[in-house]
>>> print(open('structure18.csv').read())   # CSV, C-alpha atoms and all ligand atoms
chain,number,residue,atom,x,y,z
A,1387,MET,CA,232.8,-122.1,49.7
A,1388,LEU,CA,229.9,-119.7,48.9
A,1389,SER,CA,229.6,-116.7,51.2
A,1390,SER,CA,226.3,-115.2,52.2
A,1391,LYS,CA,226.7,-112.8,49.2
A,1392,GLY,CA,227.3,-115.8,46.9
A,1393,PHE,CA,224.0,-117.3,48.1
A,1394,ASP,CA,222.3,-113.9,47.6
A,1395,LEU,CA,223.4,-114.0,43.9
A,1396,TRP,CA,222.3,-117.7,43.5
A,1397,ALA,CA,218.9,-117.2,45.3
A,1398,ASP,CA,216.7,-116.1,42.3
A,1399,ASP,CA,218.0,-119.0,40.1
A,1400,TYR,CA,218.3,-121.5,42.9
A,1401,ASP,CA,215.1,-123.6,42.5
A,1402,LYS,CA,215.7,-123.9,38.7
A,1403,SER,CA,219.3,-125.0,38.9
A,1404,VAL,CA,218.6,-127.5,41.7
A,1405,GLY,CA,215.7,-129.0,39.8
A,1406,LEU,CA,217.8,-129.5,36.7
A,1407,SER,CA,220.5,-131.4,38.6
A,1408,ASP,CA,217.9,-133.6,40.3
A,1409,GLU,CA,216.1,-134.5,37.1
A,1410,ASP,CA,219.4,-135.4,35.4
A,1411,GLY,CA,220.1,-137.7,38.4
A,1412,THR,CA,223.5,-136.1,38.8
A,1413,TYR,CA,225.7,-134.9,41.6
A,1414,PRO,CA,225.1,-132.8,43.6
A,1415,PHE,CA,221.3,-132.7,43.7
A,1416,ALA,CA,220.3,-136.2,42.6
A,1417,GLY,CA,217.6,-137.3,45.1
A,1418,TYR,CA,216.8,-133.7,46.2
A,1419,LYS,CA,213.0,-133.9,45.7
A,1420,ALA,CA,212.9,-137.5,47.2
A,1421,ILE,CA,214.6,-136.2,50.3
A,1422,LEU,CA,212.3,-133.2,50.7
A,1423,ASN,CA,209.2,-135.3,50.1
A,1424,GLU,CA,210.3,-137.9,52.7
A,1425,ILE,CA,211.0,-135.2,55.3
A,1426,TYR,CA,207.7,-133.5,54.5
A,1427,ASN,CA,205.8,-136.7,55.1
A,1428,ARG,CA,207.6,-137.6,58.3
A,1429,VAL,CA,207.2,-134.1,59.8
A,1430,LEU,CA,203.5,-134.0,59.0
A,1431,SER,CA,202.8,-137.5,60.4
A,1432,ALA,CA,204.2,-136.4,63.8
A,1433,PRO,CA,201.6,-135.0,66.3
A,1434,SER,CA,203.0,-131.5,66.9
A,1435,LYS,CA,204.5,-129.2,64.4
A,1436,ASN,CA,206.9,-126.6,65.7
A,1437,ILE,CA,209.6,-126.6,63.1
A,1438,LEU,CA,213.1,-125.2,62.9
A,1439,ASP,CA,214.8,-125.1,59.4
A,1440,ILE,CA,218.5,-124.5,59.3
A,1441,GLY,CA,219.6,-122.9,56.0
A,1442,PHE,CA,216.1,-122.8,54.6
A,1443,GLY,CA,217.1,-121.1,51.3
A,1444,THR,CA,214.1,-120.2,49.2
A,1445,GLY,CA,211.8,-122.1,51.6
A,1446,THR,CA,211.0,-124.9,49.2
A,1447,LEU,CA,210.3,-127.5,52.0
A,1448,THR,CA,209.2,-125.2,54.8
A,1449,THR,CA,206.7,-123.4,52.7
A,1450,LYS,CA,204.8,-126.7,52.2
A,1451,LEU,CA,204.9,-127.3,55.9
A,1452,TYR,CA,203.8,-123.7,56.6
A,1453,GLU,CA,200.8,-124.2,54.2
A,1454,ASN,CA,199.9,-127.3,56.3
A,1455,GLY,CA,199.7,-125.3,59.5
A,1456,CYS,CA,203.2,-125.8,60.9
A,1457,MET,CA,204.8,-123.0,62.9
A,1458,ILE,CA,208.1,-122.2,61.1
A,1459,TYR,CA,211.3,-120.9,62.7
A,1460,GLY,CA,214.5,-120.6,60.6
A,1461,GLN,CA,218.0,-119.4,60.3
A,1462,ASP,CA,219.9,-118.5,57.1
A,1463,PHE,CA,222.8,-116.1,56.4
A,1464,SER,CA,221.7,-114.9,53.0
A,1465,ASP,CA,219.5,-111.7,52.9
A,1466,ARG,CA,218.1,-112.6,49.5
A,1467,MET,CA,217.1,-116.2,50.6
A,1468,ILE,CA,215.4,-114.8,53.7
A,1469,GLU,CA,213.5,-112.2,51.6
A,1470,LEU,CA,212.3,-114.9,49.1
A,1471,ALA,CA,211.3,-117.3,52.0
A,1472,GLN,CA,209.6,-114.6,54.0
A,1473,GLU,CA,207.5,-113.5,51.0
A,1474,LYS,CA,206.1,-117.1,50.8
A,1475,MET,CA,205.7,-117.5,54.6
A,1476,PRO,CA,204.8,-114.1,56.1
A,1477,ASN,CA,204.3,-115.4,59.6
A,1478,ALA,CA,207.4,-117.5,59.8
A,1479,ILE,CA,210.0,-116.4,62.3
A,1480,LEU,CA,213.2,-116.2,60.3
A,1481,TYR,CA,216.6,-115.0,61.6
A,1482,GLN,CA,219.7,-113.9,59.7
A,1483,GLY,CA,222.7,-115.7,61.2
A,1484,ASP,CA,225.8,-117.7,60.3
A,1485,PHE,CA,225.3,-121.2,61.7
A,1486,SER,CA,229.1,-121.7,61.9
A,1487,ASN,CA,228.7,-119.4,64.9
A,1488,GLY,CA,225.9,-121.6,66.3
A,1489,LEU,CA,222.1,-120.9,66.5
A,1490,SER,CA,220.9,-117.3,66.6
A,1491,GLU,CA,220.2,-116.5,70.2
A,1492,PRO,CA,216.4,-116.1,70.1
A,1493,LEU,CA,216.1,-119.6,68.5
A,1494,LEU,CA,217.6,-121.0,71.7
A,1495,HIS,CA,214.5,-120.0,73.7
A,1496,GLN,CA,212.3,-122.4,71.8
A,1497,LYS,CA,212.0,-126.2,71.6
A,1498,TYR,CA,211.1,-127.9,68.3
A,1499,ASP,CA,209.3,-131.0,67.3
A,1500,SER,CA,211.3,-131.3,64.1
A,1501,ILE,CA,214.6,-129.6,63.1
A,1502,ILE,CA,215.4,-129.9,59.5
A,1503,ALA,CA,218.5,-129.0,57.5
A,1504,THR,CA,218.6,-129.8,53.8
A,1505,TYR,CA,221.7,-129.2,51.7
A,1506,SER,CA,223.1,-126.7,54.2
A,1507,LEU,CA,225.2,-128.4,56.9
A,1508,HIS,CA,227.9,-129.6,54.4
A,1509,HIS,CA,229.3,-126.0,54.9
A,1510,LEU,CA,230.5,-127.1,58.3
A,1511,MET,CA,233.6,-129.2,58.9
A,1512,ASP,CA,233.0,-132.5,60.7
A,1513,GLN,CA,234.0,-131.2,64.1
A,1514,GLN,CA,231.7,-128.2,63.7
A,1515,LYS,CA,228.9,-130.5,62.5
A,1516,VAL,CA,229.2,-132.6,65.7
A,1517,SER,CA,229.2,-129.6,68.0
A,1518,PHE,CA,226.3,-127.9,66.1
A,1519,ILE,CA,224.2,-131.1,66.0
A,1520,LYS,CA,224.7,-131.5,69.7
A,1521,THR,CA,223.3,-128.0,70.2
A,1522,LEU,CA,220.3,-128.9,68.0
A,1523,LEU,CA,219.6,-132.0,70.0
A,1524,THR,CA,219.3,-129.8,73.2
A,1525,GLN,CA,216.6,-127.8,71.3
A,1526,LEU,CA,214.4,-130.9,70.5
A,1527,ASN,CA,211.2,-131.8,72.3
A,1528,GLU,CA,211.3,-135.2,73.9
A,1529,GLU,CA,209.7,-137.0,71.0
A,1530,GLY,CA,211.2,-134.7,68.4
A,1531,CYS,CA,213.5,-135.6,65.5
A,1532,ILE,CA,216.3,-133.9,63.5
A,1533,TYR,CA,216.3,-134.6,59.7
A,1534,ILE,CA,219.4,-133.8,57.7
A,1535,GLY,CA,219.0,-134.3,54.0
A,1536,ASP,CA,222.2,-133.7,52.0
A,1537,VAL,CA,225.0,-134.9,49.8
A,1538,ALA,CA,225.9,-137.8,52.2
A,1539,PHE,CA,227.4,-141.2,52.1
A,1540,GLU,CA,227.5,-144.3,54.3
A,1541,THR,CA,231.3,-144.7,54.0
A,1542,ARG,CA,234.3,-142.7,52.8
A,1543,ALA,CA,234.7,-145.3,50.0
A,1544,GLU,CA,231.3,-144.4,48.6
A,1545,LEU,CA,232.2,-140.7,48.7
A,1546,HIS,CA,235.3,-141.4,46.8
A,1547,LYS,CA,233.4,-143.3,44.2
A,1548,CYS,CA,231.0,-140.4,43.7
A,1549,MET,CA,233.9,-137.9,43.6
A,1550,GLY,CA,235.5,-140.0,40.8
A,1551,GLU,CA,232.2,-140.0,38.8
A,1552,ALA,CA,231.6,-136.3,39.3
A,1553,GLY,CA,235.1,-135.3,38.0
A,1554,ASP,CA,235.4,-131.6,37.6
A,1555,GLU,CA,232.0,-131.0,39.0
A,1556,TRP,CA,233.1,-132.1,42.5
A,1557,ASP,CA,233.2,-129.3,45.0
A,1558,ASP,CA,236.3,-129.5,47.1
A,1559,ASP,CA,235.1,-126.7,49.4
A,1560,GLU,CA,232.2,-128.7,50.8
A,1561,PHE,CA,232.4,-131.2,53.6
A,1562,TYR,CA,229.9,-134.0,53.0
A,1563,PHE,CA,228.5,-136.3,55.6
A,1564,VAL,CA,230.1,-139.7,56.0
A,1565,PHE,CA,227.8,-141.6,58.3
A,1566,ASP,CA,230.4,-144.2,59.4
A,1567,GLU,CA,232.6,-141.4,60.7
A,1568,LEU,CA,229.9,-139.5,62.6
A,1569,LYS,CA,227.7,-142.2,64.1
A,1570,GLY,CA,230.1,-142.8,67.0
A,1571,HIS,CA,229.1,-139.4,68.3
A,1572,PHE,CA,225.4,-140.0,68.1
A,1573,PRO,CA,223.9,-143.3,69.3
A,1574,THR,CA,220.5,-142.6,67.7
A,1575,MET,CA,221.8,-141.5,64.3
A,1576,ARG,CA,220.4,-143.4,61.3
A,1577,PHE,CA,221.3,-143.2,57.6
A,1578,GLU,CA,219.1,-143.9,54.6
A,1579,LYS,CA,220.6,-143.7,51.1
A,1580,MET,CA,218.4,-141.7,48.7
A,1581,SER,CA,220.5,-141.6,45.5
A,1582,SER,CA,224.0,-142.1,44.4
A,1583,CYS,CA,225.1,-139.0,46.2
A,1584,ALA,CA,222.3,-138.2,48.7
A,1585,GLY,CA,221.3,-139.5,52.1
A,1586,LEU,CA,218.7,-138.8,54.8
A,1587,ILE,CA,220.2,-138.7,58.3
A,1588,SER,CA,217.9,-138.7,61.3
A,1589,LEU,CA,218.5,-138.4,65.0
A,1590,GLN,CA,216.4,-138.3,68.2
A,1591,LYS,CA,217.3,-137.5,71.8
B,1,LIG,C1,222.0,-125.2,49.0
B,1,LIG,S1,221.0,-124.1,49.9
B,1,LIG,C2,219.8,-125.2,50.6
B,1,LIG,C3,218.5,-124.5,50.8
B,1,LIG,C4,217.3,-125.4,51.2
B,1,LIG,N1,217.5,-125.9,52.5
B,1,LIG,C5,217.0,-126.5,50.2
B,1,LIG,O1,217.1,-127.6,50.6
B,1,LIG,O2,216.8,-126.1,49.0
B,1,LIG,C6,222.0,-123.7,51.3
B,1,LIG,C7,221.4,-122.7,52.2
B,1,LIG,O3,222.1,-122.6,53.4
B,1,LIG,C8,222.5,-121.3,53.7
B,1,LIG,N2,223.8,-121.3,54.4
B,1,LIG,C9,225.0,-121.8,53.9
B,1,LIG,N3,225.9,-121.6,54.8
B,1,LIG,C10,225.4,-121.0,55.9
B,1,LIG,C11,225.9,-120.6,57.1
B,1,LIG,N4,227.1,-120.7,57.4
B,1,LIG,N5,225.0,-120.0,58.0
B,1,LIG,C12,223.7,-119.8,57.6
B,1,LIG,N6,223.2,-120.2,56.5
B,1,LIG,C13,224.0,-120.8,55.6
B,1,LIG,C14,222.5,-120.6,52.3
B,1,LIG,O4,222.3,-119.2,52.4
B,1,LIG,C15,221.4,-121.3,51.6
B,1,LIG,O5,220.2,-120.6,51.8
>>> encode(input="structure18.csv", output="structure tokens", more="lines below")
Ligand SMILES: C[S@@+](CC[C@H](N)C(=O)[O-])C[C@H]1O[C@@H](n2cnc3c(N)ncnc32)[C@H](O)[C@@H]1O
Amino acid sequence: MLSSKGFDLWADDYDKSVGLSDEDGTYPFAGYKAILNEIYNRVLSAPSKNILDIGFGTGTLTTKLYENGCMIYGQDFSDRMIELAQEKMPNAILYQGDFSNGLSEPLLHQKYDSIIATYSLHHLMDQQKVSFIKTLLTQLNEEGCIYIGDVAFETRAELHKCMGEAGDEWDDDEFYFVFDELKGHFPTMRFEKMSSCAGLISLQK
């Protein structure tokens, strides 16, 4: 599992390496751009635009939302990722903090219309995901929505199929979403398959 320092080192090369894996249609980033586009369109079609991004990285998605007038809040634990994102979004309110310890305290004082987390929450084990997503739900405005785009599968069997195809590329240190195993905790949770290894999970209050 990459530490915050590991992400600091990856930061300057991140956009390029993600783009290459998406274009090849290979694990882990096949479907990446499709997911970001879909979340972008859904967030912008909602009436209000107070956005929280968890693990925003270089700010690829949030920068586009910022340029369209959204108010951006975020949390990430990599200093270099924060630097790169803040350069692109000078007025965004970005906090340094490890989400395995929950939300940074000042972020708990706001409510959000959309909460997004792309390719970040697979760093949490399933029990931690459940507890963190429950916290995120308390921070949503009544009509708000959480969008999680990630390496994700409807069933454990589909995860195993992808694992077999990925071979040595498979990352055993990451805990990918399996919708069937999480939906019992969240009555409003929906799953949309976006590629052989990616899914868009959405939840409302
Ligand atoms: C693979 S990148 C995804 C970045 C961006 N959301 C995207 O879709 O391109 C994962 C991001 O989550 C952050 N991250 C990973 N684990 C974290 C943790 N425990 N607490 C806070 N941020 C974390 C990393 O620093 C990195 O910026």
>>> residues_near_point(input="structure18.csv", point="(228.8, -123.6, 69.0)", cutoff="8 Å", atoms="only C-alpha atoms", output="JSON, numbers by chain")
{"A": [1486, 1487, 1488, 1489, 1514, 1517, 1518, 1521]}
>>> closest_residue(input="structure18.csv", among="A:Ile1425, A:Leu1470, A:Met1575, A:Ala1432", to="Asp1401 of chain A", atoms="all atoms listed in the file")
A:Leu1470
>>> residues_near_ligand(input="structure18.csv", ligand="ligand LIG 1 (chain B)", cutoff="6 Å", atoms="all atoms listed in the file", output="compact mmCIF listing (two decimals) with C-alpha atoms, in the coordinates of the input")
# COMPACT_ATOMS: atom_id res chain seq x y z
CA SER A 1390 226.30 -115.20 52.20
CA PHE A 1393 224.00 -117.30 48.10
CA GLY A 1441 219.60 -122.90 56.00
CA PHE A 1442 216.10 -122.80 54.60
CA GLY A 1443 217.10 -121.10 51.30
CA THR A 1446 211.00 -124.90 49.20
CA ASP A 1462 219.90 -118.50 57.10
CA PHE A 1463 222.80 -116.10 56.40
CA SER A 1464 221.70 -114.90 53.00
CA MET A 1467 217.10 -116.20 50.60
CA GLY A 1483 222.70 -115.70 61.20
CA ASP A 1484 225.80 -117.70 60.30
CA PHE A 1485 225.30 -121.20 61.70
CA SER A 1486 229.10 -121.70 61.90
CA ALA A 1503 218.50 -129.00 57.50
CA THR A 1504 218.60 -129.80 53.80
CA TYR A 1505 221.70 -129.20 51.70
CA SER A 1506 223.10 -126.70 54.20
CA HIS A 1509 229.30 -126.00 54.90
>>> residues_around(input="structure18.csv", residues="Leu1430 of chain A", least_positions_apart="6", cutoff="10 Å", atoms="all atoms listed in the file", output="list in words")
Leu1451, Asn1454, Gly1455, Cys1456 and Ser1500 of chain A
>>> write_last_selection(input="structure18.csv", atoms="C-alpha atoms", output="short mmCIF file (atom, residue, chain, number, x, y, z; two decimals), in the frame of the given file")
data_model
loop_
_atom_site.label_atom_id
_atom_site.label_comp_id
_atom_site.auth_asym_id
_atom_site.auth_seq_id
_atom_site.Cartn_x
_atom_site.Cartn_y
_atom_site.Cartn_z
CA LEU A 1451 204.90 -127.30 55.90
CA ASN A 1454 199.90 -127.30 56.30
CA GLY A 1455 199.70 -125.30 59.50
CA CYS A 1456 203.20 -125.80 60.90
CA SER A 1500 211.30 -131.30 64.10
#
>>> atom_distance(input="structure18.csv", atom1="atom CA of Gln1472 of chain A", atom2="atom CA of Tyr1400 of chain A")
15.7 Å
>>> closest_residue(input="structure18.csv", among="A:Phe1415, A:Tyr1533, A:Tyr1481, A:Tyr1459", to="Val1429 of chain A", atoms="all atoms listed in the file")
A:Tyr1533
>>> atom_distance(input="structure18.csv", atom1="atom CA of Ile1468 of chain A", atom2="atom CA of Asp1410 of chain A")
27.8 Å
>>> atom_distance(input="structure18.csv", atom1="atom CA of Gly1535 of chain A", atom2="atom CA of Ala1584 of chain A")
7.4 Å
>>> closest_residue(input="structure18.csv", among="A:Ile1501, A:Leu1507, A:Leu1406, A:Ile1534", to="Glu1578 of chain A", atoms="all atoms listed in the file")
A:Ile1534
>>> closest_residue(input="structure18.csv", among="A:Glu1424, A:Asp1439, A:Asp1557, A:Glu1473", to="Lys1579 of chain A", atoms="all atoms listed in the file")
A:Glu1424
>>> residues_around(input="structure18.csv", residues="Glu1544 of chain A", least_positions_apart="2", cutoff="12 Å", atoms="only C-alpha atoms", output="JSON, numbers by chain")
{"A": [1537, 1538, 1539, 1540, 1541, 1542, 1546, 1547, 1548, 1549, 1550, 1551, 1562, 1563, 1564, 1565, 1566, 1579, 1581, 1582, 1583, 1584, 1585]}
>>> closest_residue(input="structure18.csv", among="A:Leu1494, A:Ile1502, A:Ala1478, A:Glu1453", to="Leu1422 of chain A", atoms="all atoms listed in the file")
A:Ile1502
>>> closest_residue(input="structure18.csv", among="A:Lys1450, A:His1495, A:Lys1391, A:His1508", to="Glu1560 of chain A", atoms="all atoms listed in the file")
A:His1508
>>> residues_near_point(input="structure18.csv", point="(219.9, -139.7, 71.0)", cutoff="9 Å", atoms="all atoms listed in the file", output="JSON, numbers by chain")
{"A": [1523, 1572, 1573, 1574, 1575, 1589, 1590, 1591]}
